[in-house]
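Reproduced below: coords_29.cif, with mmCIF, C-alpha atoms.
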```cif
data_entry
loop_
_atom_site.label_atom_id
_atom_site.label_comp_id
_atom_site.auth_asym_id
_atom_site.auth_seq_id
_atom_site.Cartn_x
_atom_site.Cartn_y
_atom_site.Cartn_z
CA MET A 1 0.00 0.00 0.00
CA THR A 2 2.93 2.34 0.64
CA THR A 3 4.10 1.86 -2.94
CA ALA A 4 0.60 2.54 -4.28
CA ASN A 5 0.36 5.70 -2.21
CA ASN A 6 3.75 6.89 -3.45
CA LEU A 7 2.70 6.15 -7.00
CA VAL A 8 -0.40 8.34 -6.59
CA GLN A 9 1.64 11.11 -4.95
CA GLY A 10 4.12 10.94 -7.81
CA LEU A 11 1.36 11.34 -10.38
CA LEU A 12 0.05 14.36 -8.50
CA LEU A 13 3.54 15.86 -8.24
CA GLY A 14 3.79 15.40 -11.99
CA GLY A 15 0.99 17.95 -12.39
CA LEU A 16 3.23 20.62 -10.84
CA TYR A 17 6.18 19.61 -13.01
CA ALA A 18 3.95 19.77 -16.09
CA LEU A 19 2.94 23.33 -15.18
CA PHE A 20 6.59 24.28 -14.96
CA ALA A 21 7.40 22.59 -18.24
CA THR A 22 4.50 23.90 -20.32
CA GLY A 23 5.90 27.38 -20.91
CA LEU A 24 9.34 25.99 -21.69
CA SER A 25 7.84 23.60 -24.24
CA LEU A 26 5.74 26.36 -25.81
CA MET A 27 8.67 28.76 -26.26
CA PHE A 28 10.85 26.08 -27.78
CA GLY A 29 8.04 24.82 -30.00
CA VAL A 30 7.22 28.24 -31.44
CA MET A 31 10.63 29.97 -31.47
CA ARG A 32 13.19 27.18 -30.95
CA LEU A 33 14.30 29.27 -27.99
CA VAL A 34 15.67 27.72 -24.79
CA ASN A 35 14.88 30.00 -21.85
CA LEU A 36 17.42 29.38 -19.09
CA ALA A 37 15.64 31.94 -16.89
CA HIS A 38 12.40 29.94 -16.96
CA GLY A 39 12.68 28.69 -13.38
CA ASP A 40 13.64 32.13 -12.10
CA PHE A 41 10.51 33.65 -13.65
CA ALA A 42 8.47 31.07 -11.73
CA ILE A 43 10.13 32.21 -8.50
CA LEU A 44 9.54 35.83 -9.50
CA ALA A 45 5.82 35.03 -9.85
CA ALA A 46 5.81 33.42 -6.40
CA PHE A 47 7.36 36.53 -4.87
CA LEU A 48 4.89 38.78 -6.72
CA ALA A 49 2.06 36.71 -5.24
CA LEU A 50 3.66 37.10 -1.81
CA VAL A 51 3.76 40.89 -2.23
CA VAL A 52 0.10 40.93 -3.30
CA VAL A 53 -0.92 38.76 -0.34
CA ASP A 54 0.99 40.95 2.12
CA GLY A 55 -0.38 44.14 0.59
CA THR A 56 -4.02 43.18 0.10
CA GLY A 57 -4.69 40.12 2.25
CA LEU A 58 -5.96 38.15 -0.73
CA HIS A 59 -5.93 34.37 -0.67
CA PRO A 60 -2.85 33.13 -2.61
CA LEU A 61 -5.01 31.42 -5.24
CA LEU A 62 -6.85 34.69 -5.89
CA THR A 63 -3.55 36.41 -6.66
CA LEU A 64 -3.59 34.44 -9.92
CA ALA A 65 -5.98 37.10 -11.26
CA ILE A 66 -3.25 39.73 -10.77
CA VAL A 67 0.02 37.89 -11.19
CA VAL A 68 -0.83 35.91 -14.33
CA PRO A 69 -1.75 38.99 -16.45
CA ALA A 70 1.29 40.83 -15.02
CA MET A 71 3.61 37.98 -16.03
CA PHE A 72 1.99 37.83 -19.48
CA ALA A 73 2.86 41.51 -19.90
CA VAL A 74 6.42 40.86 -18.68
CA GLY A 75 6.81 38.07 -21.21
CA TYR A 76 5.38 40.12 -24.06
CA LEU A 77 7.63 43.11 -23.36
CA LEU A 78 10.66 40.90 -22.80
CA GLN A 79 10.22 39.24 -26.18
CA ARG A 80 9.57 42.51 -28.04
CA GLY A 81 12.35 44.40 -26.30
CA VAL A 82 15.08 41.78 -25.94
CA LEU A 83 14.53 38.24 -27.15
CA ASN A 84 13.25 39.05 -30.66
CA PHE A 85 16.75 40.26 -31.48
CA THR A 86 18.18 36.83 -30.67
CA VAL A 87 15.66 34.62 -32.51
CA GLY A 88 16.52 33.15 -35.88
CA GLY A 89 20.28 33.60 -35.70
CA ASP A 90 22.96 31.81 -33.75
CA GLY A 91 21.29 29.44 -31.28
CA LEU A 92 23.84 30.46 -28.68
CA ALA A 93 22.55 34.04 -28.45
CA PRO A 94 19.23 33.34 -26.67
CA VAL A 95 20.97 30.90 -24.32
CA LEU A 96 23.47 33.56 -23.27
CA VAL A 97 20.81 36.27 -22.95
CA THR A 98 18.46 34.14 -20.85
CA PHE A 99 21.39 32.94 -18.73
CA GLY A 100 22.15 36.59 -18.01
CA LEU A 101 18.48 37.21 -17.19
CA SER A 102 18.60 34.28 -14.76
CA ILE A 103 21.54 35.79 -12.88
CA ILE A 104 19.93 39.24 -12.83
CA LEU A 105 16.61 37.92 -11.53
CA GLN A 106 18.24 35.89 -8.78
CA ASN A 107 20.29 38.84 -7.57
CA VAL A 108 17.41 41.32 -7.74
CA LEU A 109 15.18 38.98 -5.75
CA LEU A 110 18.00 38.40 -3.29
CA GLU A 111 18.38 42.15 -2.74
CA LEU A 112 14.66 42.72 -2.37
CA PHE A 113 13.67 39.71 -0.28
CA SER A 114 16.95 38.36 1.20
CA ALA A 115 17.94 34.69 1.05
CA ASP A 116 15.26 33.61 3.54
CA SER A 117 12.79 30.99 2.41
CA ARG A 118 9.19 32.16 2.11
CA GLY A 119 5.86 30.47 1.58
CA LEU A 120 2.25 31.22 0.62
CA ASP A 121 -0.32 30.19 3.21
CA ALA A 122 -3.43 28.86 1.46
CA GLY A 123 -5.12 27.67 4.64
CA ALA A 124 -6.96 24.39 5.11
CA ILE A 125 -6.73 23.27 1.47
CA GLU A 126 -3.03 22.55 2.00
CA ASP A 127 -3.71 19.88 4.62
CA THR A 128 -7.09 18.37 3.75
CA SER A 129 -7.24 15.15 1.76
CA LEU A 130 -9.69 12.83 0.07
CA ALA A 131 -9.78 9.28 1.43
CA LEU A 132 -9.98 6.63 -1.30
CA GLY A 133 -9.95 3.39 0.66
CA ARG A 134 -6.52 3.23 2.24
CA LEU A 135 -5.16 5.94 -0.06
CA ASN A 136 -5.19 9.61 0.90
CA VAL A 137 -5.18 12.13 -1.95
CA GLY A 138 -4.45 15.71 -0.97
CA TRP A 139 -6.92 18.23 -2.32
CA PHE A 140 -4.24 20.75 -3.25
CA PRO A 141 -2.02 18.30 -5.19
CA LEU A 142 -5.17 17.10 -6.95
CA LEU A 143 -6.08 20.71 -7.77
CA THR A 144 -2.56 21.22 -9.12
CA LEU A 145 -2.85 18.21 -11.43
CA VAL A 146 -6.29 19.29 -12.67
CA THR A 147 -5.03 22.82 -13.26
CA GLY A 148 -2.01 21.54 -15.18
CA ALA A 149 -4.23 19.38 -17.40
CA ALA A 150 -6.65 22.29 -17.93
CA VAL A 151 -3.82 24.66 -18.92
CA LEU A 152 -2.46 22.13 -21.40
CA ALA A 153 -5.92 21.48 -22.83
CA GLY A 154 -6.52 25.21 -23.18
CA LEU A 155 -3.22 25.75 -25.00
CA GLN A 156 -3.89 22.77 -27.26
CA LEU A 157 -7.30 24.19 -28.21
CA LEU A 158 -5.82 27.65 -28.73
CA LEU A 159 -3.12 26.33 -31.05
CA ALA A 160 -5.46 24.04 -32.98
CA ARG A 161 -8.74 25.95 -33.21
CA THR A 162 -8.08 29.71 -33.12
CA ARG A 163 -6.72 32.29 -35.54
CA LEU A 164 -3.98 33.14 -33.05
CA GLY A 165 -3.02 29.48 -32.82
CA ARG A 166 -2.79 29.18 -36.59
CA ALA A 167 -0.61 32.30 -36.67
CA LEU A 168 1.68 30.85 -34.01
CA ARG A 169 1.98 27.54 -35.85
CA ALA A 170 2.63 29.27 -39.17
CA THR A 171 5.25 31.52 -37.61
CA SER A 172 6.90 28.53 -36.01
CA ASP A 173 7.09 26.68 -39.35
CA ASP A 174 8.29 29.60 -41.49
CA PRO A 175 8.38 33.17 -40.09
CA GLU A 176 9.17 34.74 -43.47
CA ALA A 177 6.31 32.98 -45.26
CA ALA A 178 3.93 33.88 -42.42
CA GLN A 179 4.97 37.51 -42.72
CA LEU A 180 4.17 37.45 -46.45
CA VAL A 181 0.53 36.61 -45.66
CA GLY A 182 0.20 39.36 -43.05
CA VAL A 183 1.35 37.70 -39.83
CA ASP A 184 3.59 39.90 -37.70
CA HIS A 185 6.09 37.29 -36.49
CA ARG A 186 7.49 39.65 -33.82
CA HIS A 187 4.03 40.04 -32.30
CA ALA A 188 3.36 36.29 -32.58
CA PHE A 189 6.62 35.48 -30.80
CA ALA A 190 5.82 38.02 -28.09
CA VAL A 191 2.37 36.51 -27.53
CA ALA A 192 3.91 33.04 -27.27
CA THR A 193 6.37 34.28 -24.65
CA GLY A 194 3.55 36.05 -22.82
CA LEU A 195 1.56 32.80 -22.71
CA ALA A 196 4.65 30.94 -21.49
CA MET A 197 5.12 33.47 -18.69
CA ALA A 198 1.43 33.23 -17.78
CA THR A 199 1.73 29.45 -17.36
CA VAL A 200 4.95 29.76 -15.38
CA ALA A 201 3.19 32.27 -13.11
CA ILE A 202 0.57 29.64 -12.29
CA ALA A 203 3.35 27.15 -11.60
CA GLY A 204 5.19 29.61 -9.36
CA ILE A 205 2.14 30.36 -7.23
CA PHE A 206 1.26 26.67 -6.86
CA LEU A 207 4.87 25.98 -5.92
CA GLY A 208 4.76 28.73 -3.29
CA ILE A 209 1.67 27.14 -1.74
CA ARG A 210 3.05 23.60 -1.89
CA THR A 211 6.48 24.34 -0.40
CA THR A 212 8.85 27.15 0.54
CA PHE A 213 10.79 29.10 -2.06
CA SER A 214 13.81 31.38 -2.17
CA PRO A 215 15.61 33.50 -4.83
CA ALA A 216 18.09 30.70 -5.54
CA LEU A 217 15.48 28.01 -6.28
CA GLY A 218 14.94 28.85 -9.97
CA PRO A 219 17.68 26.69 -11.54
CA THR A 220 16.38 23.57 -9.77
CA ARG A 221 12.88 24.19 -11.13
CA LEU A 222 14.39 24.71 -14.58
CA ILE A 223 16.08 21.30 -14.46
CA PHE A 224 12.82 19.56 -13.55
CA ALA A 225 11.00 21.42 -16.34
CA PHE A 226 13.67 20.41 -18.86
CA GLU A 227 13.47 16.79 -17.80
CA ALA A 228 9.67 16.72 -18.06
CA VAL A 229 9.80 18.25 -21.56
CA ILE A 230 12.49 15.86 -22.81
CA ILE A 231 10.85 12.77 -21.30
CA GLY A 232 7.48 13.66 -22.83
CA GLY A 233 8.94 14.72 -26.18
CA LEU A 234 9.69 18.12 -27.65
CA GLY A 235 6.71 19.61 -29.44
CA SER A 236 4.08 17.54 -27.61
CA LEU A 237 2.02 19.43 -25.04
CA TRP A 238 0.29 16.32 -23.74
CA GLY A 239 3.67 14.62 -23.73
CA THR A 240 4.75 17.35 -21.30
CA LEU A 241 2.04 16.25 -18.87
CA VAL A 242 3.05 12.60 -19.18
CA GLY A 243 6.71 13.54 -18.83
CA GLY A 244 5.96 15.44 -15.63
CA MET A 245 4.07 12.45 -14.24
CA VAL A 246 6.86 10.02 -15.14
CA LEU A 247 9.39 12.30 -13.44
CA GLY A 248 7.19 12.72 -10.36
CA VAL A 249 6.61 8.97 -10.01
CA ALA A 250 10.31 8.25 -10.42
CA GLN A 251 11.19 10.73 -7.68
CA THR A 252 8.60 9.51 -5.17
CA LEU A 253 9.40 5.84 -5.74
CA GLY A 254 13.11 6.59 -5.45
CA ALA A 255 12.53 8.48 -2.21
CA GLN A 256 10.69 5.41 -0.90
CA ILE A 257 13.93 3.45 -1.21
CA SER A 258 16.02 6.20 0.39
CA PRO A 259 15.26 9.92 0.95
CA GLY A 260 18.38 10.89 -0.97
CA TRP A 261 17.39 8.85 -4.00
CA GLY A 262 14.35 10.88 -5.03
CA VAL A 263 15.95 13.42 -7.35
CA LEU A 264 18.63 10.93 -8.41
CA THR A 265 16.04 8.41 -9.60
CA GLY A 266 14.30 11.10 -11.63
CA ASN A 267 17.61 12.02 -13.25
CA LEU A 268 18.33 8.38 -14.06
CA VAL A 269 14.94 8.01 -15.77
CA PHE A 270 15.68 11.18 -17.75
CA LEU A 271 19.05 9.76 -18.86
CA ALA A 272 17.43 6.45 -19.79
CA VAL A 273 14.93 8.23 -22.05
CA LEU A 274 17.75 10.19 -23.67
CA ALA A 275 19.68 6.97 -24.27
CA PHE A 276 16.90 4.76 -25.63
CA ARG A 277 14.39 7.26 -27.06
CA PRO A 278 16.05 10.65 -27.61
CA SER A 279 12.87 12.10 -29.16
CA GLY A 280 10.94 11.44 -25.94
CA LEU A 281 7.91 9.27 -25.29
CA PHE A 282 5.61 11.26 -27.60
CA GLY A 283 8.08 13.21 -29.72
CA LYS A 284 8.53 12.49 -33.39
CA PRO A 285 11.78 10.66 -34.15
CA VAL A 286 14.18 12.68 -36.27
CA THR A 287 14.92 11.06 -39.63
CA THR A 288 18.02 11.78 -41.66
#
```
Can you turn what I pasted into C-alpha cells?
Amino acid sequence: MTTANNLVQGLLLGGLYALFATGLSLMFGVMRLVNLAHGDFAILAAFLALVVVDGTGLHPLLTLAIVVPAMFAVGYLLQRGVLNFTVGGDGLAPVLVTFGLSIILQNVLLELFSADSRGLDAGAIEDTSLALGRLNVGWFPLLTLVTGAAVLAGLQLLLARTRLGRALRATSDDPEAAQLVGVDHRHAFAVATGLAMATVAIAGIFLGIRTTFSPALGPTRLIFAFEAVIIGGLGSLWGTLVGGMVLGVAQTLGAQISPGWGVLTGNLVFLAVLAFRPSGLFGKPVTT
C-alpha cells in the first residue's frame, strides 16, 4: 500500500512539473528558444504573489488574477524588447541572454527579499485530503494536477482551433512565409512568450503554496521542467504532462527506497529516455 500511495503522490507531483514545463515547451516549439531563466521567472511570480498577499490580504489562489496577467505583460515586453533580437540567428545568443536574465533575476530577488525561504499560506486546502480506501489524496495536489491538465488542454485548443493558434503555428514553421501573408512574427513570438510566462506564473504560485521558495530556487525548477519536456517529447504538449508524471513517479518511488534517491532516480529516468528514445515518449523521431 505504501508503494501505491507513493505512485499516486508521484502522479500528483507530476501535475506541478507539467505546469513548470508547459511554458518551456511552448517557447521552444514556437521559437526554438531555450529559456534558461524559466525557473527564475516562476520564483519571480511566487514573490509577486507574496507581495500581493501581504499588501491586500488576498488568498494566494486569488492572486492568480493579478500575477498571471502581469507575467503575461512581462513576457510580451521581454520578447519585443530583448529576445526578438536573438531569434533566428545563432542558437547560442538566446541561451546567453536568458542565462544573463537568470543571474539578474536571482540577484534582484536576493536584494529585495533576502535569502530567507518564504511560503504562501493557502489555509486548510493545503492539509485536507480525500480518502480513497486506504489511499489519501491531498486536495491541493489534486487541484494542481487538474489545473495543469486544464492549462495544457486550453493551450492545445488555442493552437489548434483559433486564428492566433494558426498564426503561431505558421510563424513557427516559417516566419518569413507567415509575414508574407500578413502575420507579424514579432508580435506572434511576443504573444507566445507572454503565454509561457502566464503558465509559469501559475506554476510559481502553486509551488509557493506547496512548499517554501527562495531566490536561488529557480535553476532547480528549470532542471525539472527540462526533464519533463524531454521525457514527454519536444513539441508535444500532452507529452509534457506525461513527462511530468513520469518524473514525479520516479522521484517519489526513489525516495521510498532512500530519501536521498528521489531526485537521483528522476535524473536516471531522464538519462534512460535520452539513451533509448532521444525524441521522448511522444516526440517524433528525427529522420536523416
Shell around Gly138 (chain A) at 12 Å using only C-alpha atoms, local window under 5 positions removed, as a PyMOL selection string: chain A and resi 5+8-13+124-132+143-145+210
Return the padded bounding box of region 10-13 of chain A as lines of an AutoDock Vina configuration file: axis-aligned, built from all atoms listed in the file, 5 Å added on each side, with centre and edge lengths in Å to one decimal.
```
center_x = 2.1
center_y = 13.4
center_z = -9.1
size_x = 14.1
size_y = 14.9
size_z = 12.6
```
query: Written as a list in words, which residues does the PyMOL selection byres ((chain A and resi 113) around 12) give for the file shown?
result: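 Those residues are Ile43, Leu44, Ala46, Phe47, Leu48, Leu50, Val51, Leu105, Gln106, Asn107, Val108, Leu109, Leu110, Glu111, Leu112, Ser114, Ala115, Asp116, Ser117, Arg118, Phe213, Ser214, Pro215 and Ala216 of chain A.
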Write out the residues from the selection above, keeping C-alpha atoms, as a CSV table (one decimal), in the coordinates of the input.
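Output contents, as saved in result-v3.csv:
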```
chain,number,residue,atom,x,y,z
A,43,ILE,CA,10.1,32.2,-8.5
A,44,LEU,CA,9.5,35.8,-9.5
A,46,ALA,CA,5.8,33.4,-6.4
A,47,PHE,CA,7.4,36.5,-4.9
A,48,LEU,CA,4.9,38.8,-6.7
A,50,LEU,CA,3.7,37.1,-1.8
A,51,VAL,CA,3.8,40.9,-2.2
A,105,LEU,CA,16.6,37.9,-11.5
A,106,GLN,CA,18.2,35.9,-8.8
A,107,ASN,CA,20.3,38.8,-7.6
A,108,VAL,CA,17.4,41.3,-7.7
A,109,LEU,CA,15.2,39.0,-5.8
A,110,LEU,CA,18.0,38.4,-3.3
A,111,GLU,CA,18.4,42.2,-2.7
A,112,LEU,CA,14.7,42.7,-2.4
A,114,SER,CA,17.0,38.4,1.2
A,115,ALA,CA,17.9,34.7,1.0
A,116,ASP,CA,15.3,33.6,3.5
A,117,SER,CA,12.8,31.0,2.4
A,118,ARG,CA,9.2,32.2,2.1
A,213,PHE,CA,10.8,29.1,-2.1
A,214,SER,CA,13.8,31.4,-2.2
A,215,PRO,CA,15.6,33.5,-4.8
A,216,ALA,CA,18.1,30.7,-5.5
```
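Our summary of the geometry notes that CA of Thr199 (chain A) is positioned 19.0 Å from CA of His59 (chain A).
The nearest approach to Val151 (chain A) among the residues A:Leu101, A:Ala275, A:Ala177, A:Leu237, with all atoms listed in the file taken into account, belongs to A:Leu237.
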- request: Evaluate the PyMOL selection byres ((chain A and resi 194) around 6) here and jot the selected residues down as a ChimeraX atom specification.
  value: /A:72,75-76,191-193,195-197
task: Give the answer as one residue: which of A:Val95, A:Val269, A:Leu19, A:Ile205 has the shortest atom-to-atom distance to Asn35 (chain A), using all atoms listed in the file?
output: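 Closest candidate: A:Val95.
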task: Please provide as number ranges by chain all residues within 8 Å of Thr211 (chain A), with the sequence filter that same-chain residues fewer than 3 positions apart are discarded (counting only C-alpha atoms).
output: A: 119, 207-208
- prompt: With distances taken over only C-alpha atoms, which of A:Pro259, A:Gly254, A:Gly39, A:Val87 is nearest to Pro175 (chain A)?
  reply: A:Val87
query: What do you get, as a PyMOL selection string, if you spell out every residue that the PyMOL selection byres ((chain A and resi 249) around 10) selects here?
result: chain A and resi 6-14+243-248+250-255+262+265-266
query: Could you list as an MDAnalysis selection string every residue that has an atom within 12 Å of (14.3, 31.3, -18.6), using the file's coordinates and counting all atoms listed in the file?
result: chainID A and resid 20:21 23:25 27:28 33:44 75 78:79 83 94:106 193 196:197 200 218:223 225:226
message: At a cut-off of 10 Å, using only C-alpha atoms, what residues contact Leu168 (chain A)? Leave out same-chain residues fewer than 4 positions from it and give the result as a ChimeraX atom specification.
response: /A:29-31,158-160,162-164,172-173,175,178,183-185,187-189,191-192
Store the residues picked out above, limited to C-alpha atoms, as a PDB file, keeping the file's coordinate frame.
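Below is the file that was written, out.pdb:
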```
ATOM      1  CA  GLY A  29       8.040  24.820 -30.000  1.00  0.00           C
ATOM      2  CA  VAL A  30       7.220  28.240 -31.440  1.00  0.00           C
ATOM      3  CA  MET A  31      10.630  29.970 -31.470  1.00  0.00           C
ATOM      4  CA  LEU A 158      -5.820  27.650 -28.730  1.00  0.00           C
ATOM      5  CA  LEU A 159      -3.120  26.330 -31.050  1.00  0.00           C
ATOM      6  CA  ALA A 160      -5.460  24.040 -32.980  1.00  0.00           C
ATOM      7  CA  THR A 162      -8.080  29.710 -33.120  1.00  0.00           C
ATOM      8  CA  ARG A 163      -6.720  32.290 -35.540  1.00  0.00           C
ATOM      9  CA  LEU A 164      -3.980  33.140 -33.050  1.00  0.00           C
ATOM     10  CA  SER A 172       6.900  28.530 -36.010  1.00  0.00           C
ATOM     11  CA  ASP A 173       7.090  26.680 -39.350  1.00  0.00           C
ATOM     12  CA  PRO A 175       8.380  33.170 -40.090  1.00  0.00           C
ATOM     13  CA  ALA A 178       3.930  33.880 -42.420  1.00  0.00           C
ATOM     14  CA  VAL A 183       1.350  37.700 -39.830  1.00  0.00           C
ATOM     15  CA  ASP A 184       3.590  39.900 -37.700  1.00  0.00           C
ATOM     16  CA  HIS A 185       6.090  37.290 -36.490  1.00  0.00           C
ATOM     17  CA  HIS A 187       4.030  40.040 -32.300  1.00  0.00           C
ATOM     18  CA  ALA A 188       3.360  36.290 -32.580  1.00  0.00           C
ATOM     19  CA  PHE A 189       6.620  35.480 -30.800  1.00  0.00           C
ATOM     20  CA  VAL A 191       2.370  36.510 -27.530  1.00  0.00           C
ATOM     21  CA  ALA A 192       3.910  33.040 -27.270  1.00  0.00           C
TER      22      ALA A 192
END
```
- prompt: For the atom pair CA of Ala45 (chain A) and CA of Arg166 (chain A), what is the interatomic distance in Å to one decimal place?
  reply: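 Pair CA of Ala45 (chain A) / CA of Arg166 (chain A) returns 28.7 Å.
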Could you give me, as a short mmCIF file (atom, residue, chain, number, x, y, z; two decimals) with C-alpha atoms, in the frame of the given file, the residues within 10 Å of Val273 (chain A), counting only C-alpha atoms and dropping anything in the same chain fewer than 5 positions from it?
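Result written to part36.cif:
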```cif
data_model
loop_
_atom_site.label_atom_id
_atom_site.label_comp_id
_atom_site.auth_asym_id
_atom_site.auth_seq_id
_atom_site.Cartn_x
_atom_site.Cartn_y
_atom_site.Cartn_z
CA GLU A 227 13.47 16.79 -17.80
CA ILE A 230 12.49 15.86 -22.81
CA ILE A 231 10.85 12.77 -21.30
CA GLY A 232 7.48 13.66 -22.83
CA GLY A 233 8.94 14.72 -26.18
CA ASN A 267 17.61 12.02 -13.25
CA LEU A 268 18.33 8.38 -14.06
CA PRO A 278 16.05 10.65 -27.61
CA SER A 279 12.87 12.10 -29.16
CA GLY A 280 10.94 11.44 -25.94
CA LEU A 281 7.91 9.27 -25.29
#
```
